[in-house]
Amino acid sequence: MTAVSYYLSNTKNEVIKLKRTFAFWLTIISALIFPLLFFIVYLVKHESMIPEDGANPWGKFMFKQIQITIPFLVPMFIVLITSLIIQVEHKSHGIKHLFSLPIPKWSVYFGKLSIVIFSIIATYVYFFLAILFFGALLGMFYSDLGFLDFQPDYLKSIKMLTMSLIASLGVVGIQFWMSFRFKNFIVPLGIGMTMVIMGLVASRAPEAIYFPYSYNVLSISLGENAPLTMGVSSITLYSLICFVVTCVLGYLDIKRLNVK
Amino acid sequence: MNQLIVDTKKLNFSYTKTRKDIENLELKVPKGSIYGFLGPNGSGKSTTIRLLLGLLKKQSGNVALFGELFNSKTRLKSLDKVGALIENPSLYEHLNAVENLKIAANYRQNIPSGRIEEVLEIVKLSHAKKKKVKAYSLGMKQRLGLAISLLSNPELIILDEPTNGLDPKGIIEMRTLIKELNEKYGTTIFISSHLLSEIERTCTHVGIIRDGKMLFQDTVKELKSSKGQKMMIDIEVDKFIDAMTVLEKLQKENTSLVDEFLQIEVENKDEITVVIDALRAQNVKVYQVSIKNNLEELFLSLTEN
């Protein structure tokens, strides 16, 4: 059996395990909440929402949602979804079983990590699609809102979401390791939430650039003005470094762990 | 037949620095045997099983499975031939039995799709295969756990307290199943239990462990004969004093009174009638005579200091 087939069979199994779990629904619910909320507000107050002549309504509708969700809700979501997905395994005493199967331990660790990342990416995609959908729906209900007369700035919003996704990876690496390590999901959840709040508070300090939990805030507040390292945004680079380092360390730690 | 499927040498392990949980354990499980691993709660049975499977890192010593040292290089190859059920079975409760088996089958290679139905049939869960495991009884979960360990037709099945939480019917079914697997397919089976009667009825070999140390390891036959031919019997009578005099005349020593029963040692079964006749001759009423389980005594004497 090759490394690829080990990885694929693990990832496939992780998908089956997500069936009918709260973690699965959470990806959809989280993606829908804000677009739906904005939709309702626009419906109710639609008269005050009519843009000036010739103004593109998508800018306000789309970027406001992205700017509100990314700094706080995205990191919170990541802490929650990571804990929940691994909790499925802990709850079923699964780790000891997986580690006594003829499969390499790395395939267990990285198969699960992949599914966490896929779920997060899926949520970003749902979120993006939900914004477009509800915007278009508003345009159909009230043509004076102008949603059907203008094109949304796809590129800018996709860029913002991608930056946020990469800025999240550092946190994913840390949270995944913690969630795998501690059976009790209060531990990664509690630490994670505290860190997210700290990240929000600390984001104004220049040192926040070294604190992964601040990266989502920074990806919005600094935006294009983020400091560069070797030509790329430092946030992007540091987040990726944090992700790779915690993944490797996490795996090495899990590998030599005594499974009780 | 003499090949050892599990062979450990001077195995040591401790969770904490102050206490050794497994001490110089030499476990020898011959091929084709049903090996009963017996010990009171907390004696190190589960720890040993985890060491065999590489879930815990041994501090010193060797583990060999199928005649090959178990290490990171041979891990996958060895585990491929093992099916294990460790304590509570690892089941995804929000999924049904078929989905659980599918996951287990995906992890292993070359498991034909019909095998899932087969193992469900073996553990008699076909009727509940679409039911969520959440709704299963403890015994059904235990059986599904067993089905998962059977999936790959392993050469060695390791069962940690497989009858825990089963009702008497479930225990008998489990026992039959274990024997059948062993006889039909020559599967070597390693069962841990704290119940002697369980081991005595099912197993061919036995290892008794206490405080992480192996106290006895041999065939069950050997264990039974090690106590010698003598047997202990309990007699319930109405007049103890009279009975004692009778027994004294018969030159029965080591007579004792335990829980309103007279306890004596006899050479063989024929002697029991001699004792009863003698008692009845003196008009002592005999309400019941029972042969004490030698093994139970032995187990208790071995495991209680």
# chains A, B, ... in the order shown; residues from 1 in each chain; ligands from 1
>>> interface_residues(of="chain A", to="chain B", cutoff="9 Å", atoms="only C-alpha atoms", output="PyMOL selection string")
chain A and resi 1+6+9-10+12-14+16-17+19-21+88-89+91-104+256-260
>>> residues_around(residues="Phe182 in chain A", least_positions_apart="6", cutoff="10 Å", atoms="only C-alpha atoms", output="ChimeraX atom specification")
/A:83,86-87,90,188
>>> write_last_selection(atoms="N, CA, C and O atoms", output="short mmCIF file (atom, residue, chain, number, x, y, z; two decimals), in the first residue's frame")
data_model
loop_
_atom_site.label_atom_id
_atom_site.label_comp_id
_atom_site.auth_asym_id
_atom_site.auth_seq_id
_atom_site.Cartn_x
_atom_site.Cartn_y
_atom_site.Cartn_z
N SER A 83 -12.22 21.40 17.30
CA SER A 83 -12.51 20.58 18.48
C SER A 83 -13.62 19.58 18.17
O SER A 83 -13.52 18.42 18.55
N ILE A 86 -12.55 16.51 15.94
CA ILE A 86 -11.73 15.50 16.61
C ILE A 86 -12.50 14.86 17.76
O ILE A 86 -12.27 13.71 18.12
N GLN A 87 -13.47 15.60 18.29
CA GLN A 87 -14.27 15.05 19.38
C GLN A 87 -15.02 13.80 18.93
O GLN A 87 -15.26 12.89 19.71
N HIS A 90 -12.61 11.11 19.74
CA HIS A 90 -12.41 10.89 21.18
C HIS A 90 -13.65 10.25 21.81
O HIS A 90 -13.54 9.39 22.66
N PRO A 188 -9.03 22.37 24.60
CA PRO A 188 -8.71 23.16 23.41
C PRO A 188 -9.72 24.29 23.17
O PRO A 188 -9.36 25.37 22.71
#
>>> select_by_dssp(residues="range 23-266 of chain B", states="alpha helix (DSSP H)", output="MDAnalysis selection string")
chainID B and resid 45:52 75:79 97:107 114:122 138:150 168:185 196:202 220:226 240:249
>>> residues_around(residues="range 158-163 of chain A", least_positions_apart="3", cutoff="12 Å", atoms="only C-alpha atoms", output="ChimeraX atom specification")
/A:62-67,69-71,74,120-129,131-132,152-155,166-169,215-224,226,232-237,239-240
>>> atom_distance(atom1="CA of Tyr35 in chain B", atom2="CA of Val206 in chain B")
5.5 Å
>>> atom_distance(atom1="CA of Ser143 in chain A", atom2="CA of Leu32 in chain A")
23.0 Å
